[in-house]
Every structure is written in C-alpha cells, then in structure tokens.
$ cat final_38.csv   # CSV, C-alpha atoms
chain,number,residue,atom,x,y,z
W,1,MET,CA,-31.6,30.1,-7.8
W,2,LEU,CA,-35.2,31.1,-8.1
W,3,LYS,CA,-36.0,34.7,-7.2
W,4,TRP,CA,-39.5,35.3,-5.8
W,5,SER,CA,-41.3,38.3,-7.3
W,6,ASN,CA,-44.9,38.9,-6.8
W,7,LEU,CA,-46.8,35.7,-6.9
W,8,LYS,CA,-50.6,35.1,-6.7
W,9,ILE,CA,-52.2,32.1,-5.2
W,10,ASN,CA,-55.7,31.4,-6.4
W,11,PHE,CA,-58.0,28.8,-5.0
W,12,ASP,CA,-61.6,27.7,-5.3
W,13,ALA,CA,-63.7,24.8,-4.1
W,14,VAL,CA,-66.9,23.0,-4.8
W,15,PHE,CA,-69.0,21.2,-2.2
W,16,ASN,CA,-71.4,18.2,-2.5
W,17,LYS,CA,-73.5,18.4,0.6
W,18,GLN,CA,-75.3,15.0,0.1
W,19,GLU,CA,-72.0,13.1,-0.1
W,20,SER,CA,-70.1,15.4,2.4
W,21,ARG,CA,-67.3,15.9,-0.2
W,22,SER,CA,-65.4,18.8,-1.6
W,23,CYS,CA,-62.9,19.5,-4.3
W,24,SER,CA,-60.3,22.3,-4.1
W,25,ARG,CA,-58.3,23.7,-7.0
W,26,ILE,CA,-55.2,25.7,-6.3
W,27,VAL,CA,-53.0,27.6,-8.8
W,28,ILE,CA,-49.9,29.6,-8.1
W,29,LYS,CA,-48.9,32.2,-10.8
W,30,ASP,CA,-46.0,34.5,-11.3
W,31,SER,CA,-46.3,38.2,-12.0
W,32,ASN,CA,-46.5,37.5,-15.7
W,33,GLY,CA,-49.5,35.1,-15.2
W,34,GLY,CA,-47.4,32.0,-15.8
W,35,VAL,CA,-48.5,29.0,-13.8
W,36,LEU,CA,-45.7,27.8,-11.4
W,37,LYS,CA,-47.7,25.1,-9.7
W,38,SER,CA,-51.3,23.8,-9.7
W,39,LYS,CA,-53.1,21.1,-7.7
W,40,THR,CA,-56.5,19.6,-7.3
W,41,VAL,CA,-57.5,18.0,-4.0
W,42,THR,CA,-60.6,16.0,-3.2
W,43,ASN,CA,-61.7,16.0,0.5
W,44,ASP,CA,-64.0,13.5,2.3
W,45,ASN,CA,-66.1,14.0,5.4
W,46,ILE,CA,-66.7,17.7,5.0
W,47,PRO,CA,-69.8,18.6,7.0
W,48,LEU,CA,-70.4,22.3,6.1
W,49,THR,CA,-69.8,24.8,3.3
W,50,PHE,CA,-67.8,27.0,5.7
W,51,ALA,CA,-65.5,24.0,6.5
W,52,MET,CA,-64.9,23.5,2.8
W,53,LYS,CA,-63.9,27.1,2.3
W,54,VAL,CA,-61.6,27.1,5.3
W,55,LEU,CA,-60.0,23.9,4.2
W,56,ALA,CA,-59.4,25.2,0.6
W,57,CYS,CA,-57.7,28.4,2.1
W,58,ILE,CA,-55.5,26.3,4.4
W,59,GLN,CA,-54.5,24.0,1.5
W,60,ALA,CA,-53.5,27.0,-0.6
W,61,ALA,CA,-51.4,28.5,2.2
W,62,GLN,CA,-49.7,25.1,2.8
W,63,MET,CA,-48.9,24.8,-0.9
W,64,GLY,CA,-47.2,28.2,-1.0
W,65,LEU,CA,-45.3,27.5,2.2
W,66,GLY,CA,-44.3,24.1,0.8
W,67,MET,CA,-42.7,25.9,-2.2
W,68,GLY,CA,-40.6,27.9,0.2
W,69,LEU,CA,-42.4,31.2,-0.3
W,70,PRO,CA,-41.3,33.6,2.5
W,71,MET,CA,-44.8,35.1,3.0
W,72,VAL,CA,-48.2,33.6,2.3
$ encode --input "final_38.csv" --output "structure tokens"
Amino acid sequence: MLKWSNLKINFDAVFNKQESRSCSRIVIKDSNGGVLKSKTVTNDNIPLTFAMKVLACIQAAQMGLGMGLPMV
C-alpha cells in the first residue's frame, strides 16, 4: 500500500495565440523530489492566455485526484 506523504504538483503551459493552441506539462513529485507521474497535454481551441492557465491548473488537479490523492 502506498502511503502519501507531502507531494508537490507542478504545472506550466505555453500558448500559441495565432493557432489557438496550448501545451500543458504536469509533474507530481514526492517529498524527496522523485517524480511519481508526469504528463504533457496539447489543447486545441484555446482563445485566451487566461483560459490556458486555468485549463493547466484544472488538468493538474485532475491528475492528482486521478492518482487518489486525498487533497489537491
């Protein structure tokens, strides 16, 4: 059984305004800095920089919840 200690979810995103596309990168690390899970997601039809940032945050939270983390 995996015991959850302090985990850190990092995320970042880049935005191409001309093509209305973004790319999000999400990394979940344990308290020792070891990578538990990582993911890169491309997103189409993103109209604004703000939308890209919100989407990246939501994707990071969903990834943590999908791993069964009790609090994200």
$ atom_distance --input "final_38.csv" --atom1 "CA of Met71 in chain W" --atom2 "CA of Cys57 in chain W"
14.6 Å
$ closest_residue --input "final_38.csv" --among "W:Lys17, W:Lys8, W:Lys39, W:Lys29" --to "Met52 in chain W" --atoms "all atoms listed in the file"
W:Lys17
$ atom_distance --input "final_38.csv" --atom1 "CA of Met63 in chain W" --atom2 "CA of Gln18 in chain W"
28.2 Å
$ closest_residue --input "final_38.csv" --among "W:Leu7, W:Leu65, W:Ala13, W:Cys23" --to "Asp44 in chain W" --atoms "all atoms listed in the file"
W:Cys23
$ residues_around --input "final_38.csv" --residues "Gln62 in chain W" --least-positions-apart "3" --cutoff "12 Å" --atoms "only C-alpha atoms" --output "VMD selection string"
chain W and resid 9 11 26 28 39 55 to 59 65 to 72
$ write_last_selection --input "final_38.csv" --atoms "C-alpha atoms" --output "mmCIF file, in the coordinates of the input"
data_model
loop_
_atom_site.group_PDB
_atom_site.id
_atom_site.type_symbol
_atom_site.label_atom_id
_atom_site.label_comp_id
_atom_site.auth_asym_id
_atom_site.auth_seq_id
_atom_site.Cartn_x
_atom_site.Cartn_y
_atom_site.Cartn_z
ATOM 1 C CA ILE W 9 -52.200 32.100 -5.200
ATOM 2 C CA PHE W 11 -58.000 28.800 -5.000
ATOM 3 C CA ILE W 26 -55.200 25.700 -6.300
ATOM 4 C CA ILE W 28 -49.900 29.600 -8.100
ATOM 5 C CA LYS W 39 -53.100 21.100 -7.700
ATOM 6 C CA LEU W 55 -60.000 23.900 4.200
ATOM 7 C CA ALA W 56 -59.400 25.200 0.600
ATOM 8 C CA CYS W 57 -57.700 28.400 2.100
ATOM 9 C CA ILE W 58 -55.500 26.300 4.400
ATOM 10 C CA GLN W 59 -54.500 24.000 1.500
ATOM 11 C CA LEU W 65 -45.300 27.500 2.200
ATOM 12 C CA GLY W 66 -44.300 24.100 0.800
ATOM 13 C CA MET W 67 -42.700 25.900 -2.200
ATOM 14 C CA GLY W 68 -40.600 27.900 0.200
ATOM 15 C CA LEU W 69 -42.400 31.200 -0.300
ATOM 16 C CA PRO W 70 -41.300 33.600 2.500
ATOM 17 C CA MET W 71 -44.800 35.100 3.000
ATOM 18 C CA VAL W 72 -48.200 33.600 2.300
#
$ residues_around --input "final_38.csv" --residues "Thr49 in chain W" --least-positions-apart "2" --cutoff "10 Å" --atoms "all atoms listed in the file" --output "list in words"
Ala13, Val14, Phe15, Asn16, Lys17, Ser20, Arg21, Ser22, Ile46, Pro47, Ala51, Met52, Lys53, Val54 and Leu55 of chain W
$ atom_distance --input "final_38.csv" --atom1 "CA of Asn10 in chain W" --atom2 "CA of Ser38 in chain W"
9.4 Å
$ closest_residue --input "final_38.csv" --among "W:Asn45, W:Thr40, W:Ser31, W:Ser5" --to "Ala60 in chain W" --atoms "all atoms listed in the file"
W:Thr40
$ closest_residue --input "final_38.csv" --among "W:Phe50, W:Asp12, W:Val35, W:Val27" --to "Gly64 in chain W" --atoms "all atoms listed in the file"
W:Val27
